[in-house]
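Q: Data: structure-v3.txt, compact mmCIF, C-alpha atoms.
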```txt
# COMPACT_ATOMS: atom_id res chain seq x y z
CA MET A 1 33.64 -11.25 -8.34
CA GLU A 2 30.45 -10.20 -10.06
CA LYS A 3 27.71 -12.80 -10.07
CA LEU A 4 25.01 -12.84 -12.71
CA ILE A 5 21.79 -14.82 -12.74
CA ASN A 6 19.26 -15.23 -15.53
CA ILE A 7 15.74 -13.96 -15.04
CA THR A 8 12.81 -13.90 -17.47
CA VAL A 9 10.25 -11.12 -17.36
CA VAL A 10 7.03 -11.38 -19.38
CA ASP A 11 5.80 -7.90 -20.22
CA ARG A 12 2.17 -6.80 -20.53
CA GLU A 13 2.10 -7.68 -24.21
CA GLY A 14 3.24 -11.22 -23.45
CA LYS A 15 6.76 -10.68 -24.76
CA GLU A 16 9.53 -12.45 -22.87
CA HIS A 17 12.63 -10.53 -21.85
CA ARG A 18 15.69 -12.46 -20.71
CA LEU A 19 17.62 -10.38 -18.23
CA GLU A 20 21.03 -10.85 -16.69
CA ALA A 21 20.85 -9.76 -13.11
CA PRO A 22 23.76 -8.98 -10.76
CA THR A 23 23.34 -10.42 -7.28
CA ASP A 24 26.04 -8.34 -5.65
CA MET A 25 24.42 -4.93 -6.10
CA ASN A 26 21.68 -5.13 -3.46
CA MET A 27 19.06 -4.85 -6.20
CA ASN A 28 15.47 -6.02 -6.27
CA MET A 29 13.19 -7.08 -9.11
CA MET A 30 11.59 -3.65 -9.48
CA GLU A 31 15.00 -2.04 -9.86
CA LEU A 32 16.18 -4.74 -12.26
CA CYS A 33 13.15 -4.15 -14.52
CA LYS A 34 13.72 -0.40 -14.44
CA SER A 35 17.39 -0.83 -15.28
CA TYR A 36 16.34 -2.71 -18.43
CA GLU A 37 13.77 0.02 -19.14
CA LEU A 38 10.83 -2.34 -18.79
CA PRO A 39 7.56 -0.53 -17.98
CA VAL A 40 7.68 -0.80 -14.20
CA GLU A 41 7.04 2.49 -12.43
CA GLY A 42 8.30 1.86 -8.91
CA THR A 43 6.70 5.13 -7.91
CA CYS A 44 7.44 4.91 -4.19
CA GLY A 45 11.06 3.98 -4.80
CA GLY A 46 10.81 0.52 -3.27
CA MET A 47 9.03 1.08 0.04
CA ALA A 48 6.11 -1.30 -0.67
CA MET A 49 3.84 1.70 -0.66
CA CYS A 50 2.43 1.95 -4.18
CA ALA A 51 2.06 -1.50 -5.81
CA SER A 52 3.16 -0.13 -9.18
CA CYS A 53 5.74 -2.95 -9.40
CA GLN A 54 3.28 -5.78 -8.82
CA MET A 55 4.30 -8.95 -10.68
CA TYR A 56 3.19 -12.56 -10.80
CA VAL A 57 5.74 -15.19 -9.92
CA LEU A 58 5.52 -17.95 -12.54
CA THR A 59 8.19 -20.31 -11.21
CA ASP A 60 8.64 -21.73 -7.75
CA HIS A 61 11.84 -19.82 -7.01
CA VAL A 62 10.26 -17.27 -4.75
CA PRO A 63 8.13 -18.40 -1.86
CA ILE A 64 4.95 -16.36 -1.72
CA GLU A 65 5.94 -14.99 1.64
CA ARG A 66 4.96 -11.39 1.88
CA SER A 67 6.10 -9.01 4.56
CA TYR A 68 3.42 -7.24 6.59
CA ASP A 69 3.83 -4.01 4.61
CA GLU A 70 3.80 -5.85 1.29
CA GLN A 71 0.69 -7.81 2.19
CA ALA A 72 -1.06 -4.67 3.40
CA MET A 73 -0.25 -2.88 0.15
CA LEU A 74 -1.44 -5.81 -1.95
CA ASP A 75 -4.66 -5.81 0.09
CA GLU A 76 -5.37 -2.43 -1.46
CA ALA A 77 -4.02 -3.09 -4.95
CA TRP A 78 -5.85 -4.26 -8.05
CA HIS A 79 -5.49 -7.45 -10.11
CA VAL A 80 -3.97 -9.28 -7.15
CA GLU A 81 -3.53 -13.04 -7.56
CA GLU A 82 -2.24 -15.81 -5.32
CA ASN A 83 1.21 -15.47 -6.88
CA SER A 84 1.36 -11.67 -6.71
CA ARG A 85 4.44 -10.05 -5.24
CA LEU A 86 5.75 -6.53 -5.21
CA GLY A 87 8.93 -6.57 -7.30
CA CYS A 88 10.60 -4.15 -4.92
CA GLN A 89 10.35 -6.74 -2.14
CA ILE A 90 12.08 -9.53 -4.12
CA LYS A 91 15.80 -9.19 -3.51
CA LEU A 92 18.07 -10.59 -6.21
CA THR A 93 20.00 -13.54 -4.84
CA ASN A 94 21.77 -16.47 -6.45
CA GLU A 95 18.85 -18.75 -5.54
CA LEU A 96 16.70 -16.87 -8.08
CA GLU A 97 18.59 -18.27 -11.09
CA GLY A 98 15.93 -19.12 -13.67
CA LEU A 99 13.14 -17.08 -12.05
CA LYS A 100 10.28 -16.11 -14.37
CA VAL A 101 7.77 -13.37 -13.57
CA GLN A 102 4.99 -11.58 -15.41
CA LEU A 103 4.18 -7.90 -14.96
CA ALA A 104 0.72 -7.24 -13.52
CA PRO A 105 -1.61 -5.08 -15.63
CA HIS A 106 -0.98 -1.37 -15.55
CA VAL A 107 -3.72 0.60 -13.81
CA GLU A 108 -4.68 3.73 -15.66
CA GLU A 109 -6.08 6.17 -13.14
CA ASP A 110 -8.15 7.80 -15.84
CA SER A 111 -8.23 11.20 -14.23
CA ASP A 112 -7.08 13.60 -16.88
CA ASP A 113 -9.92 15.96 -16.08
CA ASP A 114 -9.51 15.76 -12.32
CA TRP A 115 -6.64 18.16 -11.69
CA MET B 1 -2.91 38.58 -8.54
CA ILE B 2 -0.04 37.29 -6.40
CA GLU B 3 3.26 38.78 -7.56
CA THR B 4 6.69 37.44 -6.74
CA ASP B 5 10.15 36.83 -8.20
CA ILE B 6 10.00 33.05 -8.59
CA ILE B 7 6.86 30.96 -8.75
CA ILE B 8 7.78 27.51 -7.49
CA ILE B 9 5.43 24.79 -8.66
CA GLY B 10 5.74 21.97 -6.15
CA ALA B 11 6.33 22.38 -2.41
CA GLY B 12 8.41 19.24 -1.87
CA PRO B 13 11.89 19.38 -0.33
CA VAL B 14 13.51 20.78 -3.47
CA GLY B 15 10.83 23.45 -3.95
CA LEU B 16 11.19 24.45 -0.31
CA PHE B 17 14.99 24.68 -0.45
CA THR B 18 14.69 26.87 -3.56
CA VAL B 19 13.13 29.52 -1.32
CA PHE B 20 16.27 29.51 0.82
CA GLU B 21 18.74 29.84 -2.03
CA ALA B 22 16.58 32.49 -3.71
CA GLY B 23 16.26 34.35 -0.42
CA LEU B 24 20.05 34.62 -0.14
CA LEU B 25 19.88 36.52 -3.44
CA LYS B 26 17.01 38.68 -2.16
CA LEU B 27 14.53 37.01 -4.45
CA ARG B 28 11.04 36.30 -3.13
CA CYS B 29 9.21 33.07 -3.83
CA HIS B 30 5.67 31.74 -3.86
CA LEU B 31 5.00 28.01 -3.76
CA ILE B 32 2.04 26.24 -5.38
CA ASP B 33 1.15 22.63 -4.60
CA ALA B 34 -1.77 20.32 -5.30
CA LEU B 35 -1.41 18.77 -1.85
CA PRO B 36 -2.89 20.62 1.13
CA ILE B 37 0.39 20.42 3.07
CA PRO B 38 4.00 21.17 2.08
CA GLY B 39 6.54 18.38 1.70
CA GLY B 40 5.44 16.55 -1.44
CA GLN B 41 6.28 12.84 -1.41
CA CYS B 42 8.06 13.24 1.92
CA SER B 43 4.76 14.24 3.52
CA GLU B 44 2.33 12.25 1.40
CA ILE B 45 4.10 8.93 0.84
CA TYR B 46 6.74 8.40 3.51
CA PRO B 47 6.73 10.95 6.36
CA LYS B 48 7.78 8.31 8.91
CA LYS B 49 10.54 6.75 6.80
CA PRO B 50 14.18 7.58 7.49
CA ILE B 51 16.48 9.24 4.94
CA TYR B 52 20.20 8.57 5.26
CA ASP B 53 21.75 10.50 2.38
CA ILE B 54 21.30 14.12 3.32
CA PRO B 55 24.87 15.39 3.76
CA GLY B 56 25.74 16.05 7.37
CA ILE B 57 22.56 14.44 8.68
CA PRO B 58 23.17 10.74 9.40
CA GLU B 59 19.46 9.95 9.70
CA ILE B 60 16.27 11.97 9.51
CA LEU B 61 12.61 11.13 9.05
CA ALA B 62 11.19 12.52 5.81
CA GLY B 63 8.55 14.46 7.76
CA ASP B 64 11.22 15.98 9.98
CA LEU B 65 13.27 17.00 6.96
CA VAL B 66 10.24 18.90 5.67
CA ASN B 67 9.74 20.57 9.05
CA ASN B 68 13.41 21.57 9.14
CA LEU B 69 13.23 23.00 5.62
CA LEU B 70 10.13 25.01 6.56
CA LYS B 71 12.04 26.40 9.53
CA GLN B 72 15.08 27.12 7.37
CA ILE B 73 13.09 29.15 4.83
CA GLU B 74 10.90 30.95 7.35
CA PRO B 75 13.07 34.15 7.33
CA PHE B 76 12.38 34.48 3.61
CA LYS B 77 8.60 34.60 4.10
CA PRO B 78 7.49 32.45 1.17
CA GLY B 79 3.89 32.55 0.03
CA PHE B 80 1.89 29.34 -0.33
CA THR B 81 -1.03 28.30 -2.51
CA LEU B 82 -1.76 24.78 -1.27
CA GLY B 83 -4.36 22.15 -2.10
CA ASP B 84 -4.72 23.73 -5.50
CA PRO B 85 -2.69 22.48 -8.49
CA ALA B 86 -1.11 24.79 -11.06
CA ILE B 87 -3.00 24.23 -14.29
CA ASP B 88 -1.99 26.87 -16.78
CA ILE B 89 1.07 28.97 -17.66
CA GLU B 90 0.59 32.10 -19.75
CA GLU B 91 3.42 34.35 -20.95
CA THR B 92 2.81 38.10 -21.04
CA ALA B 93 4.21 40.57 -23.56
CA ASN B 94 6.79 41.88 -21.07
CA ASN B 95 8.39 38.50 -20.31
CA GLN B 96 6.37 37.68 -17.25
CA PHE B 97 4.56 34.46 -16.55
CA ILE B 98 1.07 34.08 -15.11
CA VAL B 99 0.40 30.75 -13.44
CA THR B 100 -3.25 29.94 -12.80
CA THR B 101 -4.39 27.23 -10.41
CA ARG B 102 -7.45 25.00 -10.63
CA ASP B 103 -9.31 27.33 -8.28
CA GLY B 104 -8.45 30.27 -10.50
CA ILE B 105 -5.78 31.93 -8.33
CA LYS B 106 -3.34 33.86 -10.51
CA HIS B 107 0.37 34.24 -9.76
CA LYS B 108 2.76 36.49 -11.68
CA ALA B 109 6.56 36.34 -11.85
CA PRO B 110 9.43 36.64 -14.31
CA ASN B 111 10.62 33.12 -13.45
CA ILE B 112 9.05 29.75 -12.81
CA ALA B 113 10.76 26.84 -11.09
CA ILE B 114 8.94 23.59 -11.64
CA ALA B 115 9.82 21.33 -8.73
CA GLY B 116 6.88 19.07 -9.36
CA GLY B 117 8.45 15.75 -8.37
CA LEU B 118 6.37 12.94 -9.78
CA GLY B 119 3.57 15.30 -10.74
CA VAL B 120 0.15 15.83 -9.22
CA PHE B 121 -1.16 13.39 -6.64
CA ILE B 122 -4.55 12.07 -7.63
CA PRO B 123 -6.76 9.48 -5.94
CA ARG B 124 -6.17 5.82 -6.74
CA LYS B 125 -9.39 4.59 -8.27
CA PRO B 126 -10.58 1.00 -8.00
CA PRO B 127 -11.25 -0.81 -11.30
CA VAL B 128 -15.03 -0.81 -10.94
CA PRO B 129 -16.60 -0.51 -14.40
CA GLU B 130 -19.40 1.91 -13.52
CA LEU B 131 -17.14 4.21 -11.47
CA LYS B 132 -16.98 7.11 -13.90
CA GLN B 133 -20.73 7.50 -14.33
CA PHE B 134 -21.29 7.89 -10.58
CA GLU B 135 -18.41 10.28 -9.85
CA GLY B 136 -19.98 13.31 -8.20
CA LYS B 137 -23.25 11.39 -8.03
CA GLY B 138 -22.49 9.45 -4.90
CA VAL B 139 -18.87 8.46 -5.54
CA GLU B 140 -16.24 10.74 -4.01
CA TYR B 141 -12.51 10.19 -3.49
CA ILE B 142 -11.88 13.18 -1.27
CA ILE B 143 -14.06 14.36 1.60
CA LYS B 144 -14.33 18.08 1.25
CA ASP B 145 -16.95 18.70 3.92
CA PRO B 146 -18.01 15.96 6.36
CA GLU B 147 -21.36 17.71 6.75
CA ASP B 148 -22.21 16.50 3.24
CA TYR B 149 -22.60 13.06 4.82
CA ARG B 150 -24.80 14.01 7.77
CA GLY B 151 -27.68 11.57 8.11
CA LYS B 152 -26.49 9.61 5.06
CA ASN B 153 -25.82 5.95 4.47
CA VAL B 154 -22.11 5.88 3.66
CA VAL B 155 -19.90 3.04 2.42
CA ILE B 156 -16.12 3.43 2.67
CA SER B 157 -13.56 1.15 1.00
CA GLY B 158 -9.91 0.90 1.95
CA GLY B 159 -7.59 -0.34 4.67
CA GLY B 160 -5.30 2.62 5.28
CA ASP B 161 -5.39 5.56 7.64
CA SER B 162 -7.62 7.65 5.45
CA ALA B 163 -10.34 4.98 5.18
CA LEU B 164 -10.22 4.19 8.88
CA ASP B 165 -10.07 7.76 10.12
CA TRP B 166 -13.04 8.82 8.02
CA ALA B 167 -15.04 5.74 8.97
CA ILE B 168 -14.45 6.55 12.65
CA PHE B 169 -15.26 10.23 12.21
CA LEU B 170 -18.40 9.78 10.13
CA ALA B 171 -19.69 6.94 12.33
CA ASP B 172 -19.44 9.13 15.39
CA GLY B 173 -22.74 10.97 15.08
CA VAL B 174 -22.38 12.35 11.56
CA ALA B 175 -23.61 9.72 9.10
CA GLU B 176 -26.72 7.63 9.68
CA LYS B 177 -24.85 4.44 8.82
CA VAL B 178 -21.20 3.70 7.99
CA THR B 179 -20.00 0.50 6.35
CA LEU B 180 -16.26 -0.12 6.02
CA ILE B 181 -15.20 -2.61 3.36
CA HIS B 182 -11.68 -4.01 3.27
CA ARG B 183 -10.14 -6.77 1.20
CA SER B 184 -8.35 -8.51 4.08
CA GLN B 185 -8.39 -8.94 7.86
CA SER B 186 -5.52 -6.59 8.59
CA PHE B 187 -5.22 -2.84 8.15
CA ARG B 188 -2.36 -0.64 7.00
CA ALA B 189 -3.08 2.09 9.48
CA HIS B 190 -2.13 3.49 12.86
CA PRO B 191 -2.76 0.81 15.52
CA ASP B 192 -4.86 3.24 17.61
CA SER B 193 -7.17 3.85 14.65
CA VAL B 194 -7.46 0.13 13.97
CA GLN B 195 -8.38 -0.52 17.60
CA LYS B 196 -10.94 2.28 17.62
CA ALA B 197 -12.55 1.10 14.40
CA MET B 198 -12.70 -2.45 15.75
CA ASP B 199 -14.31 -1.21 18.96
CA MET B 200 -16.88 0.74 16.96
CA ALA B 201 -17.55 -2.33 14.84
CA GLY B 202 -18.04 -4.31 18.05
CA SER B 203 -20.58 -1.85 19.36
CA GLY B 204 -22.39 -1.72 16.04
CA LYS B 205 -21.43 1.84 15.15
CA ILE B 206 -19.46 0.71 12.10
CA ASN B 207 -20.68 -2.09 9.88
CA MET B 208 -17.35 -3.79 9.13
CA LEU B 209 -17.03 -6.05 6.09
CA MET B 210 -13.62 -7.68 5.91
CA ASP B 211 -12.35 -10.05 3.23
CA ALA B 212 -14.72 -8.18 0.97
CA GLU B 213 -14.45 -6.05 -2.15
CA VAL B 214 -16.78 -3.81 -4.13
CA LYS B 215 -17.24 -5.32 -7.58
CA SER B 216 -19.83 -3.04 -9.17
CA ILE B 217 -22.14 -0.17 -8.35
CA GLY B 218 -25.51 0.93 -9.63
CA GLY B 219 -28.32 3.42 -9.35
CA ASN B 220 -30.74 5.43 -11.40
CA GLY B 221 -28.73 8.57 -12.18
CA LYS B 222 -27.46 8.59 -8.62
CA LEU B 223 -25.63 5.91 -6.67
CA SER B 224 -27.93 3.64 -4.69
CA ASP B 225 -26.56 0.08 -4.84
CA ILE B 226 -23.15 -1.32 -4.06
CA HIS B 227 -22.43 -4.90 -5.02
CA VAL B 228 -19.87 -6.54 -2.79
CA LYS B 229 -18.09 -9.85 -3.12
CA THR B 230 -17.34 -11.35 0.27
CA LYS B 231 -15.33 -14.40 1.21
CA THR B 232 -17.85 -15.73 3.71
CA ASP B 233 -21.29 -14.58 2.54
CA GLY B 234 -20.87 -14.60 -1.24
CA ASN B 235 -22.18 -11.65 -3.20
CA ILE B 236 -24.24 -9.10 -1.30
CA THR B 237 -25.82 -5.77 -2.23
CA LEU B 238 -25.72 -2.75 0.05
CA ASN B 239 -27.91 0.32 -0.23
CA ALA B 240 -25.91 3.52 0.02
CA ASP B 241 -26.10 7.26 -0.58
CA SER B 242 -22.33 7.54 -0.94
CA TRP B 243 -19.36 5.37 -1.71
CA LEU B 244 -15.95 6.66 -0.70
CA PRO B 245 -13.14 4.55 -2.18
CA LEU B 246 -10.19 5.78 -0.09
CA PHE B 247 -7.15 3.99 -1.48
CA GLY B 248 -4.61 6.77 -1.15
CA LEU B 249 -3.05 8.90 -3.84
CA THR B 250 -0.86 8.23 -6.84
CA PRO B 251 1.16 10.75 -8.84
CA ARG B 252 0.61 11.68 -12.47
CA LEU B 253 2.56 14.22 -14.52
CA GLY B 254 -0.78 15.90 -15.19
CA PRO B 255 -0.98 19.50 -16.42
CA ILE B 256 2.84 19.78 -16.59
CA ALA B 257 2.63 17.84 -19.85
CA ASN B 258 0.58 20.66 -21.40
CA TRP B 259 3.00 23.53 -20.85
CA GLY B 260 4.98 23.31 -24.08
CA LEU B 261 7.98 21.74 -22.41
CA LEU B 262 10.15 18.94 -23.79
CA ILE B 263 9.02 15.77 -22.04
CA GLU B 264 11.23 12.68 -21.98
CA LYS B 265 10.35 9.53 -20.05
CA ASN B 266 7.62 11.32 -18.10
CA ALA B 267 10.03 14.07 -16.99
CA ILE B 268 11.00 17.55 -18.22
CA ARG B 269 14.18 17.75 -20.25
CA VAL B 270 16.52 20.46 -18.96
CA ASP B 271 19.97 21.79 -19.77
CA ASN B 272 22.12 20.48 -16.94
CA SER B 273 25.28 22.03 -18.34
CA THR B 274 24.02 25.48 -17.37
CA ASP B 275 21.10 26.35 -15.15
CA TYR B 276 18.46 23.59 -15.44
CA THR B 277 16.42 25.67 -17.83
CA THR B 278 13.71 24.01 -19.87
CA ASN B 279 13.19 24.73 -23.56
CA ARG B 280 11.15 27.78 -22.47
CA GLU B 281 13.35 30.63 -21.25
CA GLY B 282 12.46 31.63 -17.72
CA ILE B 283 10.97 28.26 -16.89
CA TYR B 284 13.29 25.95 -15.00
CA ALA B 285 12.73 22.38 -13.81
CA ILE B 286 14.53 20.97 -10.77
CA GLY B 287 14.40 17.84 -8.65
CA ASP B 288 12.69 14.60 -9.57
CA VAL B 289 10.58 16.24 -12.28
CA ASN B 290 13.52 16.89 -14.59
CA THR B 291 15.74 14.68 -16.68
CA TYR B 292 19.13 14.96 -18.35
CA PRO B 293 21.95 12.54 -19.13
CA GLY B 294 23.05 10.96 -15.86
CA LYS B 295 20.10 12.30 -13.86
CA LEU B 296 19.77 10.90 -10.36
CA LYS B 297 16.44 11.32 -8.58
CA LEU B 298 17.83 12.26 -5.20
CA ILE B 299 16.84 15.07 -2.84
CA LEU B 300 20.56 15.82 -2.60
CA CYS B 301 20.80 16.44 -6.36
CA GLY B 302 17.62 18.51 -6.34
CA PHE B 303 19.14 20.83 -3.74
CA HIS B 304 22.14 21.38 -6.01
CA GLU B 305 19.89 22.02 -9.00
CA ALA B 306 17.86 24.58 -7.03
CA THR B 307 21.03 26.40 -6.00
CA MET B 308 22.31 26.67 -9.57
CA MET B 309 18.90 27.61 -10.94
CA VAL B 310 18.28 30.64 -8.69
CA GLN B 311 21.54 32.22 -9.83
CA SER B 312 20.22 32.14 -13.38
CA ALA B 313 16.83 33.47 -12.29
CA PHE B 314 18.60 36.38 -10.58
CA LYS B 315 20.46 37.24 -13.79
CA ARG B 316 17.19 37.26 -15.70
CA ILE B 317 15.65 39.73 -13.29
CA TYR B 318 18.74 41.90 -12.78
CA PRO B 319 20.93 41.44 -15.88
CA ASP B 320 23.24 44.32 -14.97
CA LYS B 321 23.36 43.99 -11.21
CA LYS B 322 26.62 42.87 -9.61
CA ASN B 323 26.29 39.73 -7.55
CA VAL B 324 28.85 37.60 -5.76
CA LEU B 325 28.46 34.29 -4.06
CA LYS B 326 27.88 34.83 -0.35
CA TYR B 327 28.82 32.44 2.40
CA THR B 328 26.15 32.22 5.07
CA THR B 329 28.92 31.76 7.65
CA VAL B 330 30.11 35.28 6.82
CA SER B 331 26.94 37.10 5.88
CA GLY B 332 24.40 35.26 8.01
CA ILE B 333 20.76 35.09 7.02
CA ASN B 334 19.14 38.37 6.12
CA GLY B 335 15.47 37.58 5.84
CA PHE B 336 12.64 39.72 4.55
CA GLU B 337 10.66 42.03 6.81
```
As structure tokens, how would this structure be written, given the file I've shared?

A:
Amino acid sequence: MEKLINITVVDREGKEHRLEAPTDMNMNMMELCKSYELPVEGTCGGMAMCASCQMYVLTDHVPIERSYDEQAMLDEAWHVEENSRLGCQIKLTNELEGLKVQLAPHVEEDSDDDW
Amino acid sequence: MIETDIIIIGAGPVGLFTVFEAGLLKLRCHLIDALPIPGGQCSEIYPKKPIYDIPGIPEILAGDLVNNLLKQIEPFKPGFTLGDPAIDIEETANNQFIVTTRDGIKHKAPNIAIAGGLGVFIPRKPPVPELKQFEGKGVEYIIKDPEDYRGKNVVISGGGDSALDWAIFLADGVAEKVTLIHRSQSFRAHPDSVQKAMDMAGSGKINMLMDAEVKSIGGNGKLSDIHVKTKTDGNITLNADSWLPLFGLTPRLGPIANWGLLIEKNAIRVDNSTDYTTNREGIYAIGDVNTYPGKLKLILCGFHEATMMVQSAFKRIYPDKKNVLKYTTVSGINGFE
């Protein structure tokens, strides 16, 4: 049977989005945000290799335990805080009911004249 | 002027496979890519990661898939313009396209296949406020010629292979002084490189600043000061001739957005009911760069799109020529001389 949990995502304008998230689809937070068309790029597809899905965990649902790859990527990312995680590394499980996250600022690479 | 039948913009897996399917129809191809090596994301982002959804291949590393594709298309002798992004598309009076790269190389063909994936890979730039004013005046993101740094005082930022490899190379008798700055204590790089850099730090060849981050830079018209925030020693200022922030690359749609094509959600809208044509006849878009209802960004789907697209390109070049679908099992591979 399908299981749904409730997750709140605060976008970069401060607006709160209440999302219903299935826990039986092997999804992660990056994918969930994309499926609701929230502005999360997920450029690398979920390999912890781009940090474009960085988010701040606002509730204590997710321990700030980062994998080696995730930590290494965050070591080279911008706007990293103590509660930063890569959304692609947060798997949706029933324990995350009520989770609230905020999207990290978007980094404009400002290189239009660099092609 | 390079002349061919199909100009393929983007040498990722889908662009490469296009050469094969075009070759079966006796069409020649030339590939253009901003990256200096073929393979696109497979080479740049995840060469050592396994892919499990290529039909008939239970598991393959992305880098190996690229190598296999290069081998597969070898009989069809594709041309390559690499390390040089396509910037401009011009249409001639007789229905040909001229694609010009950043370095000014011109390519002419009746068809273009844009297999541009996520776009052009550009350097990730750190959010240092003064960055822009020192670009080209001490701040570089790509090392074009290591000799530019001979006898210089160089500061490198980053914790990946690129940062480490260049620190090791430049510290080994090229630069006068090399400082490597990294935000943490661990590196995201090949263990051998990490060990070598640590050894060089131990012997004083590399000035290693860990748990540190560049916060601002300064200089009078040219970079001279780098202000670093460190965990242990507070804020310090380094003198430097060059700062190389080497934080890898990130893709941007880039010049593709300027080619008069319908763009939806950062991708090119195509007609998936026919031949993956864009709104400009003769210009097709295949693979991750395109979008249509139900689009799936999979290499598998890109291969299909490439196969359909070259049939249409053939009809544009030879509208009256008879053509039937050939099975490679029957006809084999007849490459170009």

Q: Please return as a list in words every residue within 9 Å of (8.4, -3.4, -17.1), taking into account only C-alpha atoms and the file's own coordinates.

A: Val9, Val10, Asp11, Arg12, Met30, Cys33, Lys34, Tyr36, Glu37, Leu38, Pro39, Val40, Glu41, Cys53 and Leu103 of chain A

Q: With only C-alpha atoms considered, list every residue of chain B at most 10 Å from chain A, as a ChimeraX atom specification.

A: /B:34,41,45-46,49,84-87,101-102,118,120-127,132,157-160,182-189,211,213,246-255,297

Q: Would you kindly identify which residues have an atom no farther than 6 Å from (-14.0, -5.6, -3.1), using all atoms listed in the file and the file's own coordinates, and write them out as number ranges by chain?

A: B: 183, 212-215, 228-229

Q: Between CA of Asp233 in chain B and CA of Gly204 in chain B, measure the distance and give it in Å to one decimal.

A: 18.7 Å

Q: Please measure the separation of CA of Glu140 in chain B and CA of Trp259 in chain B, giving the value in Å to one decimal.

A: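 Separation between CA of Glu140 in chain B and CA of Trp259 in chain B: 28.6 Å.
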
Q: Rank nothing, just name the residue among B:Gly218, B:Leu300, B:Asp288, B:Ile114 nearest to Ile57 in chain B, using all atoms listed in the file.

A: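 Ranked by minimum distance to Ile57 in chain B, first place goes to B:Leu300.
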
Q: Pick out the residues sitting within 8 Å of Ile7 in chain A, and hand them over as a VMD selection string; count all atoms listed in the file, and ignore anything fewer than 2 positions along from it in its own chain.

A: chain A and resid 5 9 18 to 21 96 to 100

Q: Show which residues sit within 6 Å of Ser224 in chain B, as number ranges by chain. Count only C-alpha atoms, and ignore same-chain residues fewer than 2 positions away.

A: B: 219, 239-241

Q: Given the choices B:Ile2, B:Ile236, B:Ile206, B:Ala257, which gets closest to Trp166 in chain B if the distance is worked out from only C-alpha atoms?

A: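 Answer, going by the shortest atom-to-atom distance: B:Ile206.
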
Q: What is the distance, in Å and to one decimal place, between CA of Ile268 in chain B and CA of Glu31 in chain A?

A: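 Interatomic distance, CA of Ile268 in chain B to CA of Glu31 in chain A: 21.7 Å.
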
Q: Taking all atoms listed in the file into account, which of B:Cys29, B:Leu131, B:Ala267, B:Ala197 comes nearest Ile9 in chain B?

A: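 Going through B:Cys29, B:Leu131, B:Ala267, B:Ala197 one by one, the smallest distance to Ile9 in chain B is for B:Cys29.
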
Q: Taking only C-alpha atoms into account, name the residue in B:Glu264, B:Glu3, B:Asp192, B:Asp225 that is nearest to Asn111 in chain B.

A: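 Between B:Glu264, B:Glu3, B:Asp192, B:Asp225, the residue approaching Asn111 in chain B most closely is B:Glu3.
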
Q: Counting all atoms listed in the file, figure out which residue out of B:Lys322, B:Lys137, B:His107, B:Lys265 gets nearest to Lys222 in chain B.

A: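 Result for the nearest residue to Lys222 in chain B: B:Lys137.
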
Q: Might you pull out every residue within 9 Å of Arg269 in chain B, with only C-alpha atoms counted and same-chain residues fewer than 5 positions away left off, and present them as a list in words?

A: Leu261, Leu262, Ile263, Glu264, Tyr276, Thr277, Thr278, Asn279, Ala285, Val289, Asn290, Thr291 and Tyr292 of chain B

Q: Could you tell me which of A:His106, A:Arg66, A:Lys3, A:Lys15 comes closest to Leu92 in chain A if we count only C-alpha atoms?

A: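 Result for the nearest residue to Leu92 in chain A: A:Lys3.
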
Q: Determine, counting only C-alpha atoms, which protein, DNA and RNA residues have an atom within 10 Å of an atom of Phe314 in chain B; residues of the same chain fewer than 4 positions away are not included. Present the result as a ChimeraX atom specification.

A: /B:5-6,22,25-27,110-111,309-310,318-319,321,323
